[in-house]
Amino acid sequence: MSEELADELEAINSIYGPGTLVPSTDEDETSPENAIYILTLPDEAPAADDDDNPKPTSTNASLRLQFPPSYPSAPPAVLGTHSAGEHGKRGAAARDLSLFRAAVGAVYEPGQVCLFDAVEKFKDLLDEQKLSVPPPEDNHPSPSPPSPSEDTEETQPSEEPPWVLSDPVVELKSTFIARCAAVSSPGQAAGYVRHLLSTDRRVRGATHNITAWRVRGPNGTAFQDCDDDGETAAGGRLLHLMQLMDLWDTMVVVTRWYGGQKLGPRRFALINAAARDAFVKAGLVHEAGTAAAARKKGGHGR
């Protein structure tokens, strides 16, 4: 396995959940020359949060991908469908296969790893296709999303927010530190970010401050949002991590100081690892060693 493929394997499984991309276990597909992997296309279904049961649940299909020895100089081949996905509708597997092949063709550039971009492109194509199909008639339509209440107005906290910090995650001179805090409203979350940036010059001068938060409001309402702060797609991945971990009334800010060397898709794994470490230290989840496991030497183009 090439270093690029190993890094991409780790990044994909960190971003979308353990077991999203795994080597094929078929006897005739286990040789290094084949490099055939099973990709479970992610959707809104929660992934497993237990390393003893890493297989994510998905209503989308899983696909068989073949990575040539020269990858990423040569593109991966999408061989076909591995499974139709749990509770997948008739014809959905063929649709997913076709859309993912189109996604790979749209994003692949010689010499650049492409799987993360291909998965995100697949999700965009799938959303576009769903929007083009009129929804079935429903006698009980879902209520429209709640509009933000007066409580969403930004407020400046009168004292230091109760941040819980992760251990620093350092790779190729880039440093990532996450801080999480309990919040009870969107306005409080925004106020905590404003307080952090106005009082901490080092954080204010960082390359990125990526933010995500989720808050349960009154009468069953819920609010969630994220901010990439220039690190494209990173905020959405943080929010997705919080959704998978079922975290509420919590916010997280991951600060990155760029070290001068590009990290490629692995940066998303490092961002999420720092966030998870902060959640563990805050007692929100019981999981050890997440940030430490993310530290290793190496890396390649962003």
# chains A, B, ... in the order shown; residues from 1 in each chain; ligands from 1
$ residues_around --residues "range 69-81 of chain A" --least-positions-apart "3" --cutoff "8 Å" --atoms "only C-alpha atoms" --output "list in words"
Met1, Ser2, Glu4, Leu5, Glu33, Ala35, Ala61, Ser62, Leu63, Arg64, Leu65, Gln66, Ala84, Ala93, Ala94, Leu97, Arg101, Tyr108, Pro110, Gly111, Gln112, Val113 and Cys114 of chain A
